[in-house]
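Peer 1: Structure: entry.tsv, TSV, C-alpha atoms.
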chain	number	residue	atom	x	y	z
A	10	GLN	CA	0.00	0.00	0.00
A	11	VAL	CA	0.95	3.67	-0.12
A	12	GLN	CA	3.45	4.17	2.66
A	13	LEU	CA	6.69	5.68	3.85
A	14	VAL	CA	9.07	3.28	5.57
A	15	GLN	CA	11.97	4.68	7.55
A	16	SER	CA	15.27	3.15	8.58
A	17	GLY	CA	15.89	1.77	12.03
A	18	ALA	CA	16.98	3.32	15.30
A	19	GLU	CA	20.43	4.82	15.60
A	20	VAL	CA	22.81	5.51	18.47
A	21	LYS	CA	25.53	8.08	17.84
A	22	LYS	CA	28.21	9.85	19.80
A	23	PRO	CA	28.32	13.62	20.12
A	24	GLY	CA	29.97	15.20	17.10
A	25	ALA	CA	29.02	12.36	14.77
A	26	SER	CA	26.44	12.37	11.97
A	27	VAL	CA	23.24	10.39	11.49
A	28	LYS	CA	21.57	9.58	8.19
A	29	VAL	CA	17.94	8.49	8.17
A	30	SER	CA	16.23	7.08	5.10
A	31	CYS	CA	12.60	7.23	4.05
A	32	LYS	CA	11.43	4.86	1.32
A	33	ALA	CA	8.25	5.59	-0.58
A	34	SER	CA	5.99	2.83	-1.88
A	35	GLU	CA	3.03	2.58	-4.22
A	36	TYR	CA	2.90	6.14	-5.47
A	37	ILE	CA	4.83	8.28	-7.93
A	38	PHE	CA	7.81	9.34	-5.87
A	39	THR	CA	8.50	12.56	-7.75
A	40	ASP	CA	4.95	13.87	-7.41
A	41	TYR	CA	5.20	14.92	-3.75
A	42	TYR	CA	7.60	16.85	-1.55
A	43	ILE	CA	9.03	15.05	1.47
A	44	HIS	CA	9.23	16.92	4.77
A	45	TRP	CA	11.32	16.02	7.80
A	46	VAL	CA	9.94	16.68	11.27
A	47	ARG	CA	11.51	15.77	14.59
A	48	GLN	CA	10.22	15.30	18.12
A	49	ALA	CA	12.47	15.32	21.16
A	50	PRO	CA	11.39	13.08	24.05
A	51	GLY	CA	8.22	14.44	25.63
A	52	GLN	CA	8.29	17.52	23.41
A	53	GLY	CA	6.36	18.89	20.45
A	54	LEU	CA	6.88	18.68	16.71
A	55	GLU	CA	9.60	20.62	14.91
A	56	TRP	CA	9.82	21.04	11.13
A	57	MET	CA	13.36	20.65	9.85
A	58	GLY	CA	13.01	21.10	6.12
A	59	ARG	CA	11.76	19.59	2.87
A	60	ILE	CA	13.02	18.23	-0.41
A	61	ASN	CA	11.47	18.17	-3.84
A	62	PRO	CA	12.16	14.64	-5.11
A	63	LYS	CA	11.67	15.79	-8.71
A	64	ASN	CA	14.71	18.06	-8.82
A	65	GLY	CA	16.37	17.66	-5.43
A	66	GLY	CA	15.62	21.24	-4.40
A	67	THR	CA	15.62	21.80	-0.65
A	68	SER	CA	14.45	24.27	1.98
A	69	TYR	CA	15.80	24.04	5.51
A	70	ALA	CA	14.77	25.67	8.75
A	71	GLN	CA	17.32	28.30	9.72
A	72	LYS	CA	17.97	26.43	12.96
A	73	PHE	CA	19.43	23.49	11.04
A	74	GLN	CA	21.18	25.34	8.21
A	75	GLY	CA	24.75	24.07	7.84
A	76	ARG	CA	24.06	20.87	9.79
A	77	VAL	CA	21.28	19.20	7.79
A	78	THR	CA	21.38	17.78	4.29
A	79	MET	CA	18.38	16.25	2.54
A	80	THR	CA	18.92	14.19	-0.59
A	81	ARG	CA	17.04	11.69	-2.66
A	82	ASP	CA	17.65	8.68	-4.89
A	83	THR	CA	14.88	8.46	-7.45
A	84	SER	CA	15.98	5.00	-8.60
A	85	ILE	CA	14.87	3.53	-5.29
A	86	SER	CA	12.20	6.11	-4.31
A	87	THR	CA	14.10	7.05	-1.18
A	88	THR	CA	14.89	10.31	0.53
A	89	TYR	CA	17.59	10.84	3.14
A	90	MET	CA	18.07	13.27	5.98
A	91	GLU	CA	21.57	13.63	7.35
A	92	LEU	CA	22.25	15.67	10.49
A	93	SER	CA	25.85	16.37	11.43
A	94	SER	CA	27.73	17.65	14.48
A	95	LEU	CA	25.26	15.87	16.71
A	96	ARG	CA	24.59	17.06	20.25
A	97	SER	CA	22.67	15.42	23.05
A	98	ASP	CA	19.69	17.68	22.37
A	99	ASP	CA	19.42	16.18	18.87
A	100	THR	CA	18.11	13.02	20.52
A	101	ALA	CA	14.67	12.71	18.98
A	102	VAL	CA	12.32	10.73	16.81
A	103	TYR	CA	12.74	11.85	13.21
A	104	TYR	CA	9.75	11.57	10.89
A	105	CYS	CA	9.38	11.95	7.16
A	106	ALA	CA	6.02	13.09	5.79
A	107	ARG	CA	4.68	13.40	2.27
A	108	GLY	CA	3.27	16.41	0.48
A	109	SER	CA	0.70	18.16	2.63
A	110	THR	CA	1.75	15.80	5.45
A	111	GLU	CA	-1.13	13.44	4.77
A	112	LEU	CA	1.20	10.46	4.97
A	113	TRP	CA	3.88	9.91	7.61
A	114	GLY	CA	6.66	7.43	8.15
A	115	GLN	CA	6.78	5.41	11.35
A	116	GLY	CA	9.58	7.51	12.83
A	117	THR	CA	13.24	6.81	13.56
A	118	LEU	CA	14.68	7.28	17.02
A	119	ALA	CA	18.16	8.77	16.98
A	120	THR	CA	19.92	8.81	20.33
A	121	VAL	CA	23.01	10.93	20.86
A	122	SER	CA	25.01	9.79	23.85
A	123	SER	CA	28.62	9.47	24.85
B	29	ASP	CA	9.09	32.68	11.73
B	30	ILE	CA	5.33	32.42	12.25
B	31	VAL	CA	4.46	31.63	15.85
B	32	MET	CA	1.53	29.30	16.45
B	33	THR	CA	-0.15	29.52	19.86
B	34	GLN	CA	-2.58	26.86	21.04
B	35	THR	CA	-4.98	27.05	23.95
B	36	PRO	CA	-5.60	25.28	26.18
B	37	LEU	CA	-2.47	23.16	26.57
B	38	SER	CA	-4.43	20.43	28.27
B	39	LEU	CA	-8.06	19.44	28.23
B	40	SER	CA	-9.97	16.89	30.25
B	41	VAL	CA	-13.15	15.83	28.52
B	42	THR	CA	-16.13	13.62	29.20
B	43	PRO	CA	-17.08	11.10	26.53
B	44	GLY	CA	-20.01	12.32	24.52
B	45	GLN	CA	-19.31	15.96	25.34
B	46	PRO	CA	-17.89	18.54	22.92
B	47	ALA	CA	-14.33	19.85	22.98
B	48	SER	CA	-12.65	22.81	21.35
B	49	ILE	CA	-9.04	23.84	20.78
B	50	SER	CA	-7.91	27.27	19.66
B	51	CYS	CA	-4.90	28.07	17.50
B	52	LYS	CA	-3.68	31.57	16.74
B	53	SER	CA	-0.94	32.50	14.29
B	54	SER	CA	1.32	35.54	14.51
B	55	GLN	CA	0.49	36.47	10.94
B	56	SER	CA	-2.20	35.67	8.42
B	57	LEU	CA	-2.15	32.22	6.86
B	58	LEU	CA	-4.15	33.34	3.83
B	59	HIS	CA	-2.09	32.79	0.70
B	60	SER	CA	-2.39	34.79	-2.51
B	61	ASP	CA	-3.79	31.63	-4.14
B	62	GLY	CA	-6.87	32.01	-1.94
B	63	LYS	CA	-6.09	29.04	0.28
B	64	THR	CA	-5.34	29.20	3.99
B	65	TYR	CA	-2.60	26.79	4.98
B	66	LEU	CA	-3.64	25.70	8.46
B	67	TYR	CA	-3.55	22.03	9.42
B	68	TRP	CA	-4.61	20.00	12.45
B	69	TYR	CA	-3.04	16.72	13.61
B	70	LEU	CA	-3.65	14.17	16.30
B	71	GLN	CA	-0.74	12.26	17.75
B	72	LYS	CA	-1.74	9.23	19.77
B	73	ALA	CA	0.69	7.77	22.27
B	74	GLY	CA	3.59	6.03	20.57
B	75	GLN	CA	2.35	6.83	17.07
B	76	SER	CA	3.20	9.15	14.23
B	77	PRO	CA	1.04	12.27	13.90
B	78	GLN	CA	-2.03	11.80	11.73
B	79	LEU	CA	-3.60	14.52	9.61
B	80	LEU	CA	-7.14	15.42	10.64
B	81	ILE	CA	-7.87	18.71	8.89
B	82	TYR	CA	-6.16	20.57	6.06
B	83	GLU	CA	-6.69	24.10	4.76
B	84	VAL	CA	-8.63	25.11	7.88
B	85	SER	CA	-11.76	23.03	7.42
B	86	SER	CA	-11.27	20.12	4.99
B	87	ARG	CA	-11.39	16.74	6.71
B	88	PHE	CA	-8.76	14.29	5.53
B	89	SER	CA	-9.93	10.96	4.16
B	90	GLY	CA	-11.30	8.67	6.85
B	91	VAL	CA	-11.49	11.31	9.57
B	92	PRO	CA	-14.83	11.07	11.43
B	93	ASP	CA	-17.27	13.92	10.88
B	94	ARG	CA	-17.30	14.71	14.61
B	95	PHE	CA	-14.06	16.60	13.86
B	96	SER	CA	-14.44	20.03	12.31
B	97	GLY	CA	-12.16	22.97	11.68
B	98	SER	CA	-13.00	26.63	11.29
B	99	GLY	CA	-11.46	30.06	11.28
B	100	SER	CA	-9.70	32.51	9.04
B	101	GLY	CA	-6.70	34.79	8.89
B	102	THR	CA	-4.97	34.24	12.21
B	103	ASP	CA	-7.62	32.59	14.41
B	104	PHE	CA	-8.58	28.96	14.07
B	105	THR	CA	-10.52	26.34	16.00
B	106	LEU	CA	-10.72	22.57	16.03
B	107	LYS	CA	-13.96	21.17	17.42
B	108	ILE	CA	-14.91	17.66	18.38
B	109	SER	CA	-18.68	17.45	18.54
B	110	ARG	CA	-18.84	14.38	20.79
B	111	VAL	CA	-15.56	13.14	22.21
B	112	GLU	CA	-14.88	9.42	22.10
B	113	ALA	CA	-12.29	7.48	24.08
B	114	GLU	CA	-10.19	6.98	20.93
B	115	ASP	CA	-9.75	10.75	20.56
B	116	VAL	CA	-7.23	10.99	23.41
B	117	GLY	CA	-3.78	12.21	22.49
B	118	VAL	CA	-2.00	15.44	21.64
B	119	TYR	CA	-3.47	17.78	19.03
B	120	TYR	CA	-1.25	20.12	17.03
B	121	CYS	CA	-1.99	22.92	14.63
B	122	MET	CA	0.55	23.80	11.96
B	123	GLN	CA	1.01	26.53	9.41
B	124	GLY	CA	2.23	25.68	5.92
B	125	ILE	CA	2.23	29.08	4.25
B	126	ASN	CA	5.80	30.09	5.06
B	127	VAL	CA	9.05	28.22	5.49
B	128	PRO	CA	9.82	27.14	8.16
B	129	TRP	CA	6.50	25.42	8.71
B	130	THR	CA	5.73	25.80	12.40
B	131	PHE	CA	3.61	23.90	14.90
B	132	GLY	CA	1.66	24.92	17.93
B	133	GLN	CA	2.84	23.62	21.30
B	134	GLY	CA	0.24	20.88	21.34
B	135	THR	CA	-2.91	20.33	23.36
B	136	LYS	CA	-3.11	17.15	25.41
B	137	VAL	CA	-6.63	15.75	25.47
B	138	GLU	CA	-7.53	13.15	28.04
B	139	ILE	CA	-10.70	11.54	29.23
Just dump the structure as structure tokens.

Peer 2:
Amino acid sequence: QVQLVQSGAEVKKPGASVKVSCKASEYIFTDYYIHWVRQAPGQGLEWMGRINPKNGGTSYAQKFQGRVTMTRDTSISTTYMELSSLRSDDTAVYYCARGSTELWGQGTLATVSS
Amino acid sequence: DIVMTQTPLSLSVTPGQPASISCKSSQSLLHSDGKTYLYWYLQKAGQSPQLLIYEVSSRFSGVPDRFSGSGSGTDFTLKISRVEAEDVGVYYCMQGINVPWTFGQGTKVEI
């Protein structure tokens, strides 16, 4: 069915990078933007940015500029979100969401700990 | 950035009774294309957020008709006509007119 499936949980050390994938199924991958949203433990939702799978164009929240990179591989209908220079407060569940956010991935927990 | 402010932050409701959540934006969400980019989500415990309402008042596919959205410009409301036990969770509003898209703080609804 139409779905977004994300990669599994990650544990990283401070200063490292994490790369989360989001694979689209059963729809035309290039027809919809993909957004990335994160949620720290017990906190609210925070929009990080979006990518246009058709041309790879991106928009990032200022907060993450210089640390986040969103890319896509159209051959496998997958988008990626890489966050670098990780800190403990980057520990969160990272979600991908399609288009007008009508479809969400299951979330990927990234834990940053020494 | 557009600031989204929800009230109340928590709400205790009785099944079968109505409930209402307010969301105010720091600037108008009316786009030049005539649409207003205000969304409502419900996040149940341990789950991904789910879209309830888009463009102020349009119910997403499969969303029960006890959920309704209203408002314009900077003031918006989500109403549940008769709360059911399955409606517990955290409700968020979000604006999608300007990057960065921004969310309200969330309203926790419990029975």

Peer 1: Should the cut-off be 7 Å, what would the residue list for chain A against chain B look like, counting only C-alpha atoms, as a list of chain:residue names?

Peer 2: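 That gives the following set of residues: A:Gly53, A:Leu54, A:Glu55, A:Trp56, A:Ala70, A:Thr110, A:Glu111, A:Trp113, A:Gln115, A:Gly116.
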
Peer 1: Please provide the set of residues having any atom within 8 Å of A:Ala33, restricted to only C-alpha atoms, with same-chain residues fewer than 2 positions apart removed, written as a list of chain:residue names.

Peer 2: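 Returned residues: A:Val11, A:Gln12, A:Leu13, A:Val14, A:Cys31, A:Glu35, A:Tyr36, A:Phe38, A:Ser86, A:Thr87.
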
Peer 1: For B:Lys107, work out the shell of residues within 6 Å, counting all atoms listed in the file and skipping chain neighbours fewer than 5 positions away, then give it as a JSON list (two decimals) with C-alpha atoms, in the coordinates of the input.

Peer 2:
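Result file follows (out.json):
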[["chain", "number", "residue", "atom", "x", "y", "z"],
["B", 47, "ALA", "CA", -14.33, 19.85, 22.98],
["B", 48, "SER", "CA", -12.65, 22.81, 21.35],
["B", 95, "PHE", "CA", -14.06, 16.60, 13.86],
["B", 96, "SER", "CA", -14.44, 20.03, 12.31]]

Peer 1: Could you tell me how far atom CA of A:Gln71 sits from atom CA of B:Asp61, in Å to one decimal place?

Peer 2: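 Pair atom CA of B:Asp61 / atom CA of A:Gln71 returns 25.5 Å.
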
Peer 1: So the first atom is atom CA of A:Arg96 and the second is atom CA of B:Gln123; what is the distance between them in Å, to one decimal place?

Peer 2: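 So the two atoms, atom CA of A:Arg96 and atom CA of B:Gln123, lie 27.6 Å apart.
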
Peer 1: If we count only C-alpha atoms, what is near B:Leu57 at a cut-off of 10 Å, once residues fewer than 6 positions away on the same chain are taken out, given as a PyMOL selection string?

Peer 2: chain B and resi 30+63-66+83-84+100-103+123-126

Peer 1: Just C-alpha atoms for this one: save the residues we selected as a compact mmCIF listing (two decimals), in the frame of the given file.

Peer 2:
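What follows is the written file part-v2.txt:
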# COMPACT_ATOMS: atom_id res chain seq x y z
CA ILE B 30 5.33 32.42 12.25
CA LYS B 63 -6.09 29.04 0.28
CA THR B 64 -5.34 29.20 3.99
CA TYR B 65 -2.60 26.79 4.98
CA LEU B 66 -3.64 25.70 8.46
CA GLU B 83 -6.69 24.10 4.76
CA VAL B 84 -8.63 25.11 7.88
CA SER B 100 -9.70 32.51 9.04
CA GLY B 101 -6.70 34.79 8.89
CA THR B 102 -4.97 34.24 12.21
CA ASP B 103 -7.62 32.59 14.41
CA GLN B 123 1.01 26.53 9.41
CA GLY B 124 2.23 25.68 5.92
CA ILE B 125 2.23 29.08 4.25
CA ASN B 126 5.80 30.09 5.06

Peer 1: Which of these residues is nearest to A:Gly66, using all atoms listed in the file: A:Ser93, A:Thr39, A:Thr80, A:Gln10?

Peer 2: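 Comparing A:Ser93, A:Thr39, A:Thr80, A:Gln10 against A:Gly66, the winner is A:Thr80.
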
Peer 1: Would you compute, for all listed atoms of stretch 91-95 of chain B, the axis-aligned bounding box grown by 4 Å on each side, and then report its centre and edge lengths in Å rounded to one decimal, as lines of an AutoDock Vina configuration file?

Peer 2:
center_x = -14.4
center_y = 13.8
center_z = 12.1
size_x = 13.8
size_y = 13.5
size_z = 13.0

Peer 1: Quick one: of A:Val102, A:Lys63, A:Val121, A:Tyr41, who's nearest to A:Thr83, counting all atoms listed in the file?

Peer 2: A:Lys63

Peer 1: Could you check how far atom CA of A:Ile60 sits from atom CA of B:Ser98, in Å to one decimal?

Peer 2: 29.7 Å

Peer 1: Contacts of A:Gln74 at 12 Å or less, counting all atoms listed in the file, minus same-chain residues fewer than 5 places along, as a list in words?

Peer 2: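 The filter keeps Met57, Gly58, Thr67, Ser68, Tyr69, Met79, Glu91, Leu92, Ser93 and Ser94 of chain A; Pro128 of chain B.
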
Peer 1: Selected residues, C-alpha atoms, written as a short mmCIF file (atom, residue, chain, number, x, y, z; two decimals), in the coordinates of the input, please.

Peer 2:
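Everything below was put into again33.cif:
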data_model
loop_
_atom_site.label_atom_id
_atom_site.label_comp_id
_atom_site.auth_asym_id
_atom_site.auth_seq_id
_atom_site.Cartn_x
_atom_site.Cartn_y
_atom_site.Cartn_z
CA MET A 57 13.36 20.65 9.85
CA GLY A 58 13.01 21.10 6.12
CA THR A 67 15.62 21.80 -0.65
CA SER A 68 14.45 24.27 1.98
CA TYR A 69 15.80 24.04 5.51
CA MET A 79 18.38 16.25 2.54
CA GLU A 91 21.57 13.63 7.35
CA LEU A 92 22.25 15.67 10.49
CA SER A 93 25.85 16.37 11.43
CA SER A 94 27.73 17.65 14.48
CA PRO B 128 9.82 27.14 8.16
#

Peer 1: Kindly write stretch 14-36 of chain A with N, CA, C and O atoms to a file, as a short mmCIF file (atom, residue, chain, number, x, y, z; two decimals), in the first residue's frame.

Peer 2:
data_model
loop_
_atom_site.label_atom_id
_atom_site.label_comp_id
_atom_site.auth_asym_id
_atom_site.auth_seq_id
_atom_site.Cartn_x
_atom_site.Cartn_y
_atom_site.Cartn_z
N VAL A 14 8.41 4.16 4.61
CA VAL A 14 9.07 3.28 5.57
C VAL A 14 10.46 3.83 5.86
O VAL A 14 11.27 4.02 4.95
N GLN A 15 10.71 4.08 7.15
CA GLN A 15 11.97 4.68 7.55
C GLN A 15 12.96 3.65 8.05
O GLN A 15 12.57 2.53 8.43
N SER A 16 14.21 4.03 8.08
CA SER A 16 15.27 3.15 8.58
C SER A 16 15.19 3.03 10.10
O SER A 16 14.43 3.74 10.77
N GLY A 17 15.98 2.11 10.62
CA GLY A 17 15.89 1.77 12.03
C GLY A 17 16.61 2.73 12.96
O GLY A 17 17.30 3.65 12.54
N ALA A 18 16.42 2.46 14.25
CA ALA A 18 16.98 3.32 15.30
C ALA A 18 18.50 3.40 15.20
O ALA A 18 19.17 2.46 14.75
N GLU A 19 18.99 4.55 15.65
CA GLU A 19 20.43 4.82 15.60
C GLU A 19 20.92 5.30 16.96
O GLU A 19 20.17 5.98 17.70
N VAL A 20 22.14 4.97 17.29
CA VAL A 20 22.81 5.51 18.47
C VAL A 20 24.12 6.10 17.99
O VAL A 20 24.92 5.42 17.36
N LYS A 21 24.32 7.37 18.31
CA LYS A 21 25.53 8.08 17.84
C LYS A 21 26.19 8.82 18.99
O LYS A 21 25.54 9.18 19.97
N LYS A 22 27.47 9.06 18.81
CA LYS A 22 28.21 9.85 19.80
C LYS A 22 28.15 11.33 19.42
O LYS A 22 28.00 11.68 18.23
N PRO A 23 28.28 12.18 20.41
CA PRO A 23 28.32 13.62 20.12
C PRO A 23 29.40 13.94 19.09
O PRO A 23 30.49 13.39 19.13
N GLY A 24 29.03 14.82 18.15
CA GLY A 24 29.97 15.20 17.10
C GLY A 24 29.83 14.37 15.84
O GLY A 24 30.32 14.79 14.78
N ALA A 25 29.19 13.22 15.94
CA ALA A 25 29.02 12.36 14.77
C ALA A 25 27.85 12.84 13.91
O ALA A 25 27.23 13.87 14.19
N SER A 26 27.57 12.08 12.86
CA SER A 26 26.44 12.37 11.97
C SER A 26 25.48 11.18 11.97
O SER A 26 25.89 10.04 12.23
N VAL A 27 24.24 11.46 11.66
CA VAL A 27 23.24 10.39 11.49
C VAL A 27 22.55 10.61 10.16
O VAL A 27 22.30 11.74 9.75
N LYS A 28 22.26 9.51 9.47
CA LYS A 28 21.57 9.58 8.19
C LYS A 28 20.37 8.65 8.25
O LYS A 28 20.52 7.44 8.45
N VAL A 29 19.20 9.23 8.09
CA VAL A 29 17.94 8.49 8.17
C VAL A 29 17.34 8.41 6.77
O VAL A 29 17.33 9.40 6.03
N SER A 30 16.84 7.25 6.41
CA SER A 30 16.23 7.08 5.10
C SER A 30 14.72 6.95 5.21
O SER A 30 14.17 6.57 6.26
N CYS A 31 14.06 7.25 4.12
CA CYS A 31 12.60 7.23 4.05
C CYS A 31 12.22 6.71 2.67
O CYS A 31 12.41 7.42 1.67
N LYS A 32 11.74 5.48 2.61
CA LYS A 32 11.43 4.86 1.32
C LYS A 32 9.95 4.92 1.02
O LYS A 32 9.13 4.50 1.83
N ALA A 33 9.64 5.44 -0.15
CA ALA A 33 8.25 5.59 -0.58
C ALA A 33 7.80 4.36 -1.37
O ALA A 33 8.57 3.79 -2.15
N SER A 34 6.54 3.97 -1.16
CA SER A 34 5.99 2.83 -1.88
C SER A 34 4.62 3.14 -2.43
O SER A 34 3.83 3.84 -1.80
N GLU A 35 4.36 2.60 -3.60
CA GLU A 35 3.03 2.58 -4.22
C GLU A 35 2.47 3.96 -4.57
O GLU A 35 1.25 4.17 -4.55
N TYR A 36 3.36 4.89 -4.87
CA TYR A 36 2.90 6.14 -5.47
C TYR A 36 4.08 6.71 -6.28
O TYR A 36 5.21 6.23 -6.16
#
